[in-house]
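A.B. asks: What follows is the file run_36.pdb, containing PDB, C-alpha atoms:
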ATOM      1  CA  MET J  21     -10.834 -14.830  36.269
ATOM      2  CA  GLU J  22     -12.512 -15.312  32.888
ATOM      3  CA  LEU J  23      -9.047 -15.202  31.361
ATOM      4  CA  HIS J  24      -7.874 -18.081  33.539
ATOM      5  CA  ILE J  25     -10.895 -20.201  32.633
ATOM      6  CA  LEU J  26     -10.227 -19.500  28.966
ATOM      7  CA  LEU J  27      -6.537 -20.362  29.300
ATOM      8  CA  ILE J  28      -7.296 -23.646  31.072
ATOM      9  CA  PHE J  29      -9.885 -24.418  28.386
ATOM     10  CA  MET J  30      -7.291 -23.707  25.700
ATOM     11  CA  ILE J  31      -4.749 -25.993  27.343
ATOM     12  CA  PHE J  32      -7.290 -28.819  27.534
ATOM     13  CA  ALA J  33      -8.389 -28.278  23.929
ATOM     14  CA  GLY J  34      -4.755 -28.327  22.844
ATOM     15  CA  ILE J  35      -4.124 -31.597  24.641
ATOM     16  CA  ILE J  36      -7.257 -33.075  23.043
ATOM     17  CA  ALA J  37      -6.125 -31.860  19.619
ATOM     18  CA  ILE J  38      -2.836 -33.701  20.025
ATOM     19  CA  GLU J  39      -4.147 -36.858  21.642
ATOM     20  CA  VAL J  40      -7.361 -37.641  19.768
ATOM     21  CA  ARG J  41      -7.018 -40.138  16.913
ATOM     22  CA  ASP J  42      -9.724 -38.786  14.622
ATOM     23  CA  LEU J  43      -8.283 -36.097  12.313
ATOM     24  CA  LEU J  44     -11.492 -34.092  12.042
ATOM     25  CA  SER J  45     -11.987 -34.003  15.830
ATOM     26  CA  SER J  46      -8.413 -32.801  16.113
ATOM     27  CA  VAL J  47      -9.106 -29.967  13.661
ATOM     28  CA  VAL J  48     -12.233 -28.991  15.587
ATOM     29  CA  ALA J  49     -10.243 -28.941  18.826
ATOM     30  CA  VAL J  50      -7.635 -26.665  17.220
ATOM     31  CA  GLY J  51     -10.476 -24.407  16.137
ATOM     32  CA  ALA J  52     -11.765 -24.312  19.700
ATOM     33  CA  VAL J  53      -8.315 -23.153  20.859
ATOM     34  CA  GLY J  54      -8.383 -20.382  18.260
ATOM     35  CA  PHE J  55     -11.834 -19.140  19.219
ATOM     36  CA  ALA J  56     -10.897 -19.166  22.895
ATOM     37  CA  LEU J  57      -7.849 -17.079  22.002
ATOM     38  CA  CYS J  58     -10.169 -14.695  20.162
ATOM     39  CA  LEU J  59     -12.306 -14.340  23.313
ATOM     40  CA  ALA J  60      -9.146 -13.803  25.369
ATOM     41  CA  PHE J  61      -8.163 -10.919  23.079
ATOM     42  CA  LEU J  62     -11.623  -9.439  23.587
ATOM     43  CA  ILE J  63     -11.275  -9.684  27.372
ATOM     44  CA  LEU J  64      -7.861  -8.011  27.158
ATOM     45  CA  LYS J  65      -9.537  -5.122  25.260
ATOM     46  CA  ALA J  66      -7.940  -5.703  21.860
ATOM     47  CA  PRO J  67     -10.924  -6.008  19.491
ATOM     48  CA  ASP J  68      -8.839  -5.458  16.358
ATOM     49  CA  LEU J  69      -6.683  -8.464  17.206
ATOM     50  CA  ALA J  70      -9.812 -10.447  18.049
ATOM     51  CA  ILE J  71     -11.313  -9.772  14.621
ATOM     52  CA  THR J  72      -8.067 -10.725  12.887
ATOM     53  CA  GLN J  73      -7.800 -13.876  14.951
ATOM     54  CA  LEU J  74     -11.407 -14.785  14.129
ATOM     55  CA  VAL J  75     -10.887 -14.402  10.372
ATOM     56  CA  VAL J  76      -7.603 -16.311  10.394
ATOM     57  CA  GLU J  77      -9.156 -19.000  12.547
ATOM     58  CA  ILE J  78     -12.143 -19.494  10.239
ATOM     59  CA  LEU J  79      -9.891 -19.619   7.185
ATOM     60  CA  CYS J  80      -7.555 -22.116   8.859
ATOM     61  CA  LEU J  81     -10.507 -24.242   9.935
ATOM     62  CA  ILE J  82     -11.949 -24.321   6.413
ATOM     63  CA  ILE J  83      -8.588 -25.170   4.853
ATOM     64  CA  LEU J  84      -7.821 -27.832   7.447
ATOM     65  CA  ILE J  85     -11.280 -29.395   7.111
ATOM     66  CA  ARG J  86     -10.892 -29.423   3.324
ATOM     67  CA  ALA J  87      -7.535 -31.121   3.821
ATOM     68  CA  THR J  88      -8.918 -33.792   6.133
ATOM     69  CA  ILE J  89     -12.481 -34.260   4.897
ATOM     70  CA  ASN J  90     -11.639 -36.497   1.961
ATOM     71  CA  ARG J  91     -10.013 -39.211   3.948
ATOM     72  CA  ASP J  92     -11.710 -39.058   7.275
ATOM     73  CA  LEU J  93     -15.321 -37.943   7.190
ATOM     74  CA  PRO J  94     -18.335 -39.941   6.102
ATOM     75  CA  LEU J  95     -20.364 -36.924   5.019
ATOM     76  CA  THR J  96     -24.125 -37.404   4.829
ATOM     77  CA  ILE J  97     -26.323 -34.466   3.892
ATOM     78  CA  GLU J  98     -29.116 -36.295   2.042
ATOM     79  CA  GLY J  99     -32.540 -36.285   3.661
ATOM     80  CA  ARG J 100     -31.699 -33.547   6.162
ATOM     81  CA  TRP J 101     -32.443 -30.493   4.075
ATOM     82  CA  VAL J 102     -35.274 -29.296   6.338
ATOM     83  CA  PHE J 103     -33.009 -29.233   9.356
ATOM     84  CA  ASN J 104     -30.128 -27.722   7.380
ATOM     85  CA  THR J 105     -32.253 -24.919   5.928
ATOM     86  CA  LEU J 106     -33.853 -24.162   9.293
ATOM     87  CA  ALA J 107     -30.500 -24.055  11.032
ATOM     88  CA  SER J 108     -29.064 -21.707   8.380
ATOM     89  CA  ILE J 109     -32.061 -19.360   8.628
ATOM     90  CA  VAL J 110     -31.898 -19.271  12.423
ATOM     91  CA  PHE J 111     -28.182 -18.533  12.410
ATOM     92  CA  VAL J 112     -28.493 -15.805   9.772
ATOM     93  CA  ALA J 113     -31.379 -14.195  11.697
ATOM     94  CA  ALA J 114     -29.405 -14.282  14.950
ATOM     95  CA  PHE J 115     -26.354 -12.831  13.216
ATOM     96  CA  LEU J 116     -28.377 -10.010  11.653
ATOM     97  CA  PHE J 117     -30.065  -9.228  14.982
ATOM     98  CA  PHE J 118     -26.798  -8.916  16.878
ATOM     99  CA  ALA J 119     -25.033  -7.132  14.009
ATOM    100  CA  PHE J 120     -27.821  -4.530  13.888
ATOM    101  CA  HIS J 121     -27.391  -3.726  17.569
ATOM    102  CA  ALA J 122     -23.600  -3.846  17.425
ATOM    103  CA  LEU J 123     -23.306  -1.562  14.396
ATOM    104  CA  LYS J 124     -25.489   1.082  16.071
ATOM    105  CA  GLU J 125     -22.785   1.431  18.732
ATOM    106  CA  LEU J 126     -20.118   2.409  16.219
ATOM    107  CA  PRO J 127     -19.086   6.095  16.154
ATOM    108  CA  ALA J 128     -20.649   8.142  13.355
ATOM    109  CA  PHE J 129     -18.799   8.597  10.099
ATOM    110  CA  GLY J 130     -16.290  11.457  10.290
ATOM    111  CA  GLU J 131     -16.394  11.605  14.087
ATOM    112  CA  PRO J 132     -13.920   8.999  15.299
ATOM    113  CA  ILE J 133     -13.259   8.580  18.993
ATOM    114  CA  MET J 134      -9.429   8.397  18.676
ATOM    115  CA  GLU J 135      -8.449   8.270  22.329
ATOM    116  CA  VAL J 136      -5.049   6.677  21.793
ATOM    117  CA  ALA J 137      -4.382   7.935  18.285
ATOM    118  CA  LYS J 138      -4.984  11.549  19.291
ATOM    119  CA  LYS J 139      -2.258  11.265  21.902
ATOM    120  CA  TYR J 140       0.127   9.747  19.360
ATOM    121  CA  LEU J 141      -0.579  12.525  16.877
ATOM    122  CA  GLU J 142      -0.154  15.318  19.398
ATOM    123  CA  GLU J 143       2.851  14.102  21.347
ATOM    124  CA  GLY J 144       4.453  11.560  18.985
ATOM    125  CA  ALA J 145       6.957  13.857  17.315
ATOM    126  CA  ASP J 146       8.178  15.349  20.581
ATOM    127  CA  LYS J 147       8.306  12.094  22.500
ATOM    128  CA  THR J 148      10.156  10.032  19.887
ATOM    129  CA  GLY J 149      11.973  12.662  17.849
ATOM    130  CA  ALA J 150      10.720  11.102  14.615
ATOM    131  CA  VAL J 151       8.614  13.454  12.506
ATOM    132  CA  ASN J 152       7.266  10.558  10.426
ATOM    133  CA  LEU J 153       4.523   9.485  12.796
ATOM    134  CA  VAL J 154       4.024   6.106  11.147
ATOM    135  CA  THR J 155       7.622   5.240  11.945
ATOM    136  CA  ALA J 156       7.207   6.733  15.405
ATOM    137  CA  VAL J 157       4.305   4.374  16.060
ATOM    138  CA  ILE J 158       5.748   1.186  14.564
ATOM    139  CA  LEU J 159       9.262   1.577  15.953
ATOM    140  CA  ASP J 160       8.606   3.287  19.260
ATOM    141  CA  PHE J 161       5.084   3.070  20.670
ATOM    142  CA  ARG J 162       4.312  -0.309  19.102
ATOM    143  CA  ALA J 163       7.841  -1.622  18.623
ATOM    144  CA  TYR J 164       6.847  -4.871  20.275
ATOM    145  CA  ASP J 165       4.477  -5.574  17.358
ATOM    146  CA  THR J 166       7.274  -4.861  14.911
ATOM    147  CA  LEU J 167       9.507  -7.327  16.740
ATOM    148  CA  GLY J 168       6.778  -9.917  16.266
ATOM    149  CA  GLU J 169       6.509  -9.094  12.566
ATOM    150  CA  ALA J 170      10.272  -9.378  12.168
ATOM    151  CA  THR J 171      10.126 -12.764  13.889
ATOM    152  CA  VAL J 172       7.385 -13.918  11.504
ATOM    153  CA  LEU J 173       9.499 -12.844   8.522
ATOM    154  CA  PHE J 174      12.605 -14.520   9.931
ATOM    155  CA  THR J 175      10.707 -17.748  10.546
ATOM    156  CA  SER J 176       9.234 -17.742   7.053
ATOM    157  CA  VAL J 177      12.674 -17.226   5.477
ATOM    158  CA  ILE J 178      14.077 -20.060   7.572
ATOM    159  CA  GLY J 179      11.155 -22.271   6.539
ATOM    160  CA  ILE J 180      11.611 -21.527   2.850
ATOM    161  CA  MET J 181      15.356 -22.127   3.042
ATOM    162  CA  ALA J 182      14.710 -25.414   4.855
ATOM    163  CA  ILE J 183      12.152 -26.614   2.306
ATOM    164  CA  LEU J 184      14.085 -25.508  -0.766
ATOM    165  CA  ARG J 185      17.610 -26.422   0.239
ATOM    166  CA  ARG J 186      19.333 -28.253  -2.536
ATOM    167  CA  PRO J 187      20.595 -31.644  -1.355
ATOM    168  CA  GLY J 188      17.543 -32.684   0.614
ATOM    169  CA  ARG J 189      18.066 -34.883   3.608
ATOM    170  CA  LYS J 190      17.516 -38.600   3.181
ATOM    171  CA  LYS J 191      15.383 -40.562   5.577
ATOM    172  CA  VAL J 192      17.272 -42.630   8.092
ATOM    173  CA  GLY J 193      17.324 -46.268   7.033
ATOM    174  CA  SER J 194      16.296 -45.835   3.411
TER     175      SER J 194
ATOM    176  CA  MET Z  17      31.360 -12.992 -16.230
ATOM    177  CA  ILE Z  18      29.214  -9.874 -16.644
ATOM    178  CA  ASP Z  19      29.838  -9.632 -20.391
ATOM    179  CA  ASN Z  20      29.160 -13.286 -21.086
ATOM    180  CA  PRO Z  21      26.427 -13.183 -23.766
ATOM    181  CA  LYS Z  22      25.266 -16.697 -22.983
ATOM    182  CA  THR Z  23      23.880 -16.026 -19.527
ATOM    183  CA  GLY Z  24      21.082 -13.673 -18.633
ATOM    184  CA  MET Z  25      18.939 -11.520 -20.891
ATOM    185  CA  SER Z  26      19.754  -9.497 -24.022
ATOM    186  CA  LEU Z  27      22.299  -6.713 -24.380
ATOM    187  CA  ILE Z  28      19.652  -4.003 -24.095
ATOM    188  CA  VAL Z  29      18.414  -5.308 -20.743
ATOM    189  CA  LYS Z  30      21.970  -5.674 -19.490
ATOM    190  CA  THR Z  31      22.915  -2.119 -20.444
ATOM    191  CA  VAL Z  32      19.818  -0.604 -18.859
ATOM    192  CA  THR Z  33      20.343  -2.694 -15.760
ATOM    193  CA  ARG Z  34      23.950  -1.555 -15.485
ATOM    194  CA  LEU Z  35      22.767   2.044 -15.538
ATOM    195  CA  THR Z  36      19.828   1.712 -13.159
ATOM    196  CA  VAL Z  37      20.745  -0.909 -10.600
ATOM    197  CA  GLY Z  38      23.021   1.389  -8.610
ATOM    198  CA  LEU Z  39      20.363   4.066  -8.525
ATOM    199  CA  ILE Z  40      17.780   1.587  -7.264
ATOM    200  CA  LEU Z  41      20.141   0.444  -4.512
ATOM    201  CA  LEU Z  42      20.870   4.049  -3.584
ATOM    202  CA  PHE Z  43      17.157   4.869  -3.492
ATOM    203  CA  GLY Z  44      16.579   1.928  -1.160
ATOM    204  CA  ILE Z  45      19.309   3.137   1.177
ATOM    205  CA  TYR Z  46      17.829   6.649   1.076
ATOM    206  CA  ILE Z  47      14.370   5.310   1.983
ATOM    207  CA  VAL Z  48      15.865   3.390   4.905
ATOM    208  CA  LEU Z  49      17.958   6.229   6.296
ATOM    209  CA  HIS Z  50      15.151   8.779   5.983
ATOM    210  CA  GLY Z  51      12.540   6.425   7.426
ATOM    211  CA  HIS Z  52      11.926   8.695  10.410
ATOM    212  CA  LEU Z  53      11.638  11.835   8.279
ATOM    213  CA  SER Z  54       9.669  10.903   5.190
ATOM    214  CA  PRO Z  55       7.370   8.062   4.127
ATOM    215  CA  GLY Z  56       9.113   4.733   3.985
ATOM    216  CA  GLY Z  57      11.237   2.969   6.533
ATOM    217  CA  GLY Z  58      12.946  -0.309   7.103
ATOM    218  CA  PHE Z  59      10.405  -2.602   5.459
ATOM    219  CA  ALA Z  60       9.902  -0.592   2.259
ATOM    220  CA  GLY Z  61      13.573   0.296   1.915
ATOM    221  CA  GLY Z  62      14.631  -3.280   2.531
ATOM    222  CA  VAL Z  63      12.330  -4.483  -0.243
ATOM    223  CA  ILE Z  64      13.809  -1.922  -2.659
ATOM    224  CA  ILE Z  65      17.356  -2.986  -1.737
ATOM    225  CA  ALA Z  66      16.410  -6.615  -2.312
ATOM    226  CA  LEU Z  67      14.830  -5.729  -5.652
ATOM    227  CA  SER Z  68      18.057  -4.154  -6.873
ATOM    228  CA  PHE Z  69      19.834  -7.489  -6.380
ATOM    229  CA  VAL Z  70      16.901  -9.417  -7.876
ATOM    230  CA  HIS Z  71      17.131  -7.072 -10.869
ATOM    231  CA  LEU Z  72      20.819  -7.916 -11.178
ATOM    232  CA  MET Z  73      20.053 -11.614 -11.040
ATOM    233  CA  LEU Z  74      17.284 -11.427 -13.640
ATOM    234  CA  ALA Z  75      19.413  -9.459 -16.088
ATOM    235  CA  PHE Z  76      22.838 -11.092 -15.727
ATOM    236  CA  GLY Z  77      21.987 -14.563 -14.499
ATOM    237  CA  LYS Z  78      22.466 -16.276 -11.180
ATOM    238  CA  ASP Z  79      26.252 -16.318 -10.962
ATOM    239  CA  VAL Z  80      26.768 -12.546 -11.043
ATOM    240  CA  ALA Z  81      24.263 -11.937  -8.270
ATOM    241  CA  VAL Z  82      25.692 -14.773  -6.167
ATOM    242  CA  SER Z  83      29.183 -13.305  -6.606
ATOM    243  CA  LYS Z  84      27.861 -10.090  -5.012
ATOM    244  CA  ILE Z  85      26.046 -11.804  -2.118
ATOM    245  CA  SER Z  86      26.546 -15.524  -1.604
ATOM    246  CA  LYS Z  87      23.966 -17.649   0.147
ATOM    247  CA  ASN Z  88      26.064 -17.922   3.306
ATOM    248  CA  LEU Z  89      26.630 -14.175   3.411
ATOM    249  CA  ALA Z  90      22.878 -13.682   2.967
ATOM    250  CA  SER Z  91      22.107 -16.002   5.880
ATOM    251  CA  ASN Z  92      24.696 -14.262   8.059
ATOM    252  CA  LEU Z  93      23.458 -10.770   7.192
ATOM    253  CA  GLU Z  94      19.876 -11.757   7.908
ATOM    254  CA  SER Z  95      20.862 -13.120  11.295
ATOM    255  CA  VAL Z  96      22.868  -9.976  11.993
ATOM    256  CA  GLY Z  97      19.801  -7.874  11.194
ATOM    257  CA  ALA Z  98      17.577  -9.894  13.500
ATOM    258  CA  LEU Z  99      20.118  -9.836  16.349
ATOM    259  CA  MET Z 100      20.682  -6.114  15.858
ATOM    260  CA  PHE Z 101      16.963  -5.375  16.174
ATOM    261  CA  LEU Z 102      16.724  -7.564  19.245
ATOM    262  CA  SER Z 103      19.768  -5.924  20.853
ATOM    263  CA  ILE Z 104      18.259  -2.488  20.185
ATOM    264  CA  ALA Z 105      15.208  -3.733  22.039
ATOM    265  CA  LEU Z 106      17.372  -4.956  24.909
ATOM    266  CA  ILE Z 107      19.372  -1.706  25.049
ATOM    267  CA  GLY Z 108      16.084  -0.146  26.119
ATOM    268  CA  TYR Z 109      16.555  -1.774  29.530
ATOM    269  CA  LEU Z 110      19.281   0.829  30.181
ATOM    270  CA  GLY Z 111      16.459   3.384  30.194
ATOM    271  CA  GLY Z 112      14.096   1.228  32.196
ATOM    272  CA  SER Z 113      12.000  -0.902  29.867
ATOM    273  CA  PHE Z 114      11.960  -2.993  26.720
ATOM    274  CA  PHE Z 115      12.315  -0.872  23.541
ATOM    275  CA  MET Z 116      12.890   2.342  25.507
ATOM    276  CA  ASN Z 117      14.334   5.036  23.256
ATOM    277  CA  VAL Z 118      17.470   5.748  25.264
ATOM    278  CA  LEU Z 119      19.597   7.630  22.724
ATOM    279  CA  GLU Z 120      19.615  11.368  22.099
ATOM    280  CA  LYS Z 121      16.394  12.499  20.387
ATOM    281  CA  GLY Z 122      18.020  15.406  18.529
ATOM    282  CA  LYS Z 123      16.251  18.109  16.556
ATOM    283  CA  HIS Z 124      13.255  17.477  14.337
ATOM    284  CA  PHE Z 125      13.882  17.001  10.607
ATOM    285  CA  LYS Z 126      17.580  16.251  11.099
ATOM    286  CA  LEU Z 127      18.982  12.994   9.724
ATOM    287  CA  PHE Z 128      20.547  11.963  13.029
ATOM    288  CA  SER Z 129      17.527  12.344  15.239
ATOM    289  CA  ALA Z 130      14.943  10.078  16.851
ATOM    290  CA  GLY Z 131      17.450   7.965  18.770
ATOM    291  CA  THR Z 132      17.121   4.251  18.224
ATOM    292  CA  ILE Z 133      14.538   4.534  15.444
ATOM    293  CA  LEU Z 134      17.220   5.100  12.792
ATOM    294  CA  LEU Z 135      19.179   2.057  14.008
ATOM    295  CA  SER Z 136      16.011  -0.047  14.095
ATOM    296  CA  ASN Z 137      15.256   0.956  10.517
ATOM    297  CA  VAL Z 138      18.727  -0.126   9.414
ATOM    298  CA  ALA Z 139      18.371  -3.459  11.220
ATOM    299  CA  ILE Z 140      14.940  -4.137   9.741
ATOM    300  CA  SER Z 141      16.100  -3.208   6.259
ATOM    301  CA  LEU Z 142      18.995  -5.687   6.558
ATOM    302  CA  LYS Z 143      16.586  -8.381   7.663
ATOM    303  CA  VAL Z 144      13.898  -7.723   5.076
ATOM    304  CA  GLY Z 145      16.221  -7.048   2.157
ATOM    305  CA  VAL Z 146      18.538  -9.957   2.636
ATOM    306  CA  GLY Z 147      15.665 -12.230   3.604
ATOM    307  CA  LEU Z 148      13.756 -11.513   0.392
ATOM    308  CA  PHE Z 149      16.912 -11.944  -1.652
ATOM    309  CA  ALA Z 150      17.601 -15.252   0.097
ATOM    310  CA  ILE Z 151      14.101 -16.492  -0.755
ATOM    311  CA  PHE Z 152      14.612 -15.551  -4.409
ATOM    312  CA  LEU Z 153      18.035 -17.214  -4.399
ATOM    313  CA  ALA Z 154      16.599 -20.393  -2.919
ATOM    314  CA  LEU Z 155      13.885 -20.496  -5.590
ATOM    315  CA  VAL Z 156      16.449 -20.024  -8.387
ATOM    316  CA  ILE Z 157      18.723 -22.712  -6.993
ATOM    317  CA  LEU Z 158      15.777 -25.106  -6.702
ATOM    318  CA  GLU Z 159      14.870 -24.479 -10.340
ATOM    319  CA  ARG Z 160      18.351 -25.473 -11.509
ATOM    320  CA  SER Z 161      18.510 -28.594  -9.362
ATOM    321  CA  SER Z 162      15.128 -29.803 -10.638
ATOM    322  CA  LYS Z 163      16.408 -29.392 -14.196
ATOM    323  CA  GLU Z 164      19.434 -31.546 -13.405
ATOM    324  CA  LYS Z 165      17.234 -34.533 -12.576
TER     325      LYS Z 165
END
Please express the file's structure as structure tokens.
C.D. replies:
Amino acid sequence: MELHILLIFMIFAGIIAIEVRDLLSSVVAVGAVGFALCLAFLILKAPDLAITQLVVEILCLIILIRATINRDLPLTIEGRWVFNTLASIVFVAAFLFFAFHALKELPAFGEPIMEVAKKYLEEGADKTGAVNLVTAVILDFRAYDTLGEATVLFTSVIGIMAILRRPGRKKVGS
Amino acid sequence: MIDNPKTGMSLIVKTVTRLTVGLILLFGIYIVLHGHLSPGGGFAGGVIIALSFVHLMLAFGKDVAVSKISKNLASNLESVGALMFLSIALIGYLGGSFFMNVLEKGKHFKLFSAGTILLSNVAISLKVGVGLFAIFLALVILERSSKEK
């Protein structure tokens, strides 16, 4: 149910990102899609992917805002330092509060939980026939991930070949 | 073409390259084929295979390396690698699901064991190796065409 709400929200945010005229609003809408995807990963019980998505999303947002801010945003920060400082302090305090409670839930050092990994280590060699367990995981248990990685590599090679190809295509009409 | 003193680096580099490049290629192939037995696998082995050709290109110049693998052959091999990996994934449907390991598992520590994992490693190494080499080739070709202007 939550997943469906998130997906509908993502579709709407995507449409807004395409349709809105203001570049900065478009970037913010793209960021909203990314954070909703991050929440969707959390709901699907993949926290590692959620963390990765969060970091990538923040980096993308910063880069995109840097790319658009010069031409599109009338930035005014003068005369608002009280509000800015207060907002920063409140956010840092909230972050520290939640981080303190979240970090207490982590397993102690040297005593990992390893529910899935234990199974891989115990049965991996017999189930896949590969004694190198890293290969057993990436090409058998998690081969779907590897297919995605291979697709990313393939796409990047295609992109580089398309950008760097020698003749360069001329624009129609010029 | 190989002994042309005008292209590539000095005689010392060329001689050392001639001695080592085959060994590097062989080591890459070894890493790929033993991916399911020892550390390594398709990605690492593919990078080493690509580096042997990059080595050749750095030492002897562009033309020698292109005579070994042309750009079209590189594109074709990369596509073959990608399609091979995908078809290995689809073969799994014979056993019931995507990426099912349908082939004979064999004995542990034997070269021909682990079913489709060996084939997947070969496919990935083709993709990674040729893909990296193609990127390097594209960069080199761009450098020459920008000089021509």
A.B. asks: If the ChimeraX specification (/J :<7) & /Z were run on this exact file, what residues would it hold? Put them as a count of residues only.
C.D. replies: 20
A.B. asks: Calculate how many Å separate atom CA of Met21 of chain J from atom CA of Ala52 of chain J, rounding to one decimal.
C.D. replies: 19.1 Å
A.B. asks: Between atom CA of Val37 of chain Z and atom CA of Val82 of chain Z, what is the distance in Å, rounded to a tenth?
C.D. replies: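 Separating atom CA of Val37 of chain Z from atom CA of Val82 of chain Z is a distance of 15.4 Å.
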A.B. asks: Quick one: pull the distance between atom CA of Phe61 of chain J and atom CA of Glu77 of chain J, Å, one decimal.
C.D. replies: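 Between atom CA of Phe61 of chain J and atom CA of Glu77 of chain J the gap works out to 13.3 Å.
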A.B. asks: Would you mind telling me which residue in Z:Phe69, Z:Phe114, Z:Phe76, Z:Phe101 lies nearest to Ile28 of chain Z when using all atoms listed in the file?
C.D. replies: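 Once distances to Ile28 of chain Z are computed over all atoms listed in the file, the minimum belongs to Z:Phe76.
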A.B. asks: Using only C-alpha atoms, which of the listed residues (J:Val172, J:Leu64, J:Val53, J:Val47) sits closest to Ala33 of chain J?
C.D. replies: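 Under the stated criterion, the closest residue is J:Val53.
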A.B. asks: For segment 73-75 of chain Z, find every residue with an atom within 9 Å (counting all atoms listed in the file), except residues of its own chain fewer than 4 positions away, and show them as an NGL selection string.
C.D. replies: :Z and (23-26 or 29-30 or 33 or 68-69 or 79-82 or 153)
A.B. asks: Which residues come within 9 Å of Ile47 of chain Z, counting all atoms listed in the file, excluding same-chain residues fewer than 3 positions away, as a list of chain:residue names?
C.D. replies: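 Contacts, in chain order: Z:Leu42, Z:Phe43, Z:Gly44, Z:His50, Z:Gly51, Z:Ser54, Z:Pro55, Z:Gly56, Z:Gly57, Z:Gly58, Z:Ala60, Z:Gly61, Z:Gly62, Z:Ile64.
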A.B. asks: Output C-alpha atoms for every residue in the selection just made, as a JSON list (two decimals), in the coordinates of the input.
C.D. replies:
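After the write, result-v2.json holds the following:
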[["chain", "number", "residue", "atom", "x", "y", "z"],
["Z", 42, "LEU", "CA", 20.87, 4.05, -3.58],
["Z", 43, "PHE", "CA", 17.16, 4.87, -3.49],
["Z", 44, "GLY", "CA", 16.58, 1.93, -1.16],
["Z", 50, "HIS", "CA", 15.15, 8.78, 5.98],
["Z", 51, "GLY", "CA", 12.54, 6.42, 7.43],
["Z", 54, "SER", "CA", 9.67, 10.90, 5.19],
["Z", 55, "PRO", "CA", 7.37, 8.06, 4.13],
["Z", 56, "GLY", "CA", 9.11, 4.73, 3.98],
["Z", 57, "GLY", "CA", 11.24, 2.97, 6.53],
["Z", 58, "GLY", "CA", 12.95, -0.31, 7.10],
["Z", 60, "ALA", "CA", 9.90, -0.59, 2.26],
["Z", 61, "GLY", "CA", 13.57, 0.30, 1.92],
["Z", 62, "GLY", "CA", 14.63, -3.28, 2.53],
["Z", 64, "ILE", "CA", 13.81, -1.92, -2.66]]
A.B. asks: Glu94 of chain Z: which residues within 8 Å, counting all atoms listed in the file, same-chain residues fewer than 4 positions away excluded, as a list in words?
C.D. replies: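 With the cut-off at 8 Å, the set is Ala90, Ala98, Leu142, Lys143, Val144, Val146 and Gly147 of chain Z.
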A.B. asks: To verify the selection step, state as a ChimeraX atom specification which residues the PyMOL selection byres ((chain J and resi 44) around 7) yields on this input.
C.D. replies: /J:42-43,45-48,85,88,92
A.B. asks: Store the residues picked out above, limited to C-alpha atoms, as a PDB file, keeping the file's coordinate frame.
C.D. replies:
ATOM      1  CA  ASP J  42      -9.724 -38.786  14.622  1.00  0.00           C
ATOM      2  CA  LEU J  43      -8.283 -36.097  12.313  1.00  0.00           C
ATOM      3  CA  SER J  45     -11.987 -34.003  15.830  1.00  0.00           C
ATOM      4  CA  SER J  46      -8.413 -32.801  16.113  1.00  0.00           C
ATOM      5  CA  VAL J  47      -9.106 -29.967  13.661  1.00  0.00           C
ATOM      6  CA  VAL J  48     -12.233 -28.991  15.587  1.00  0.00           C
ATOM      7  CA  ILE J  85     -11.280 -29.395   7.111  1.00  0.00           C
ATOM      8  CA  THR J  88      -8.918 -33.792   6.133  1.00  0.00           C
ATOM      9  CA  ASP J  92     -11.710 -39.058   7.275  1.00  0.00           C
TER      10      ASP J  92
END
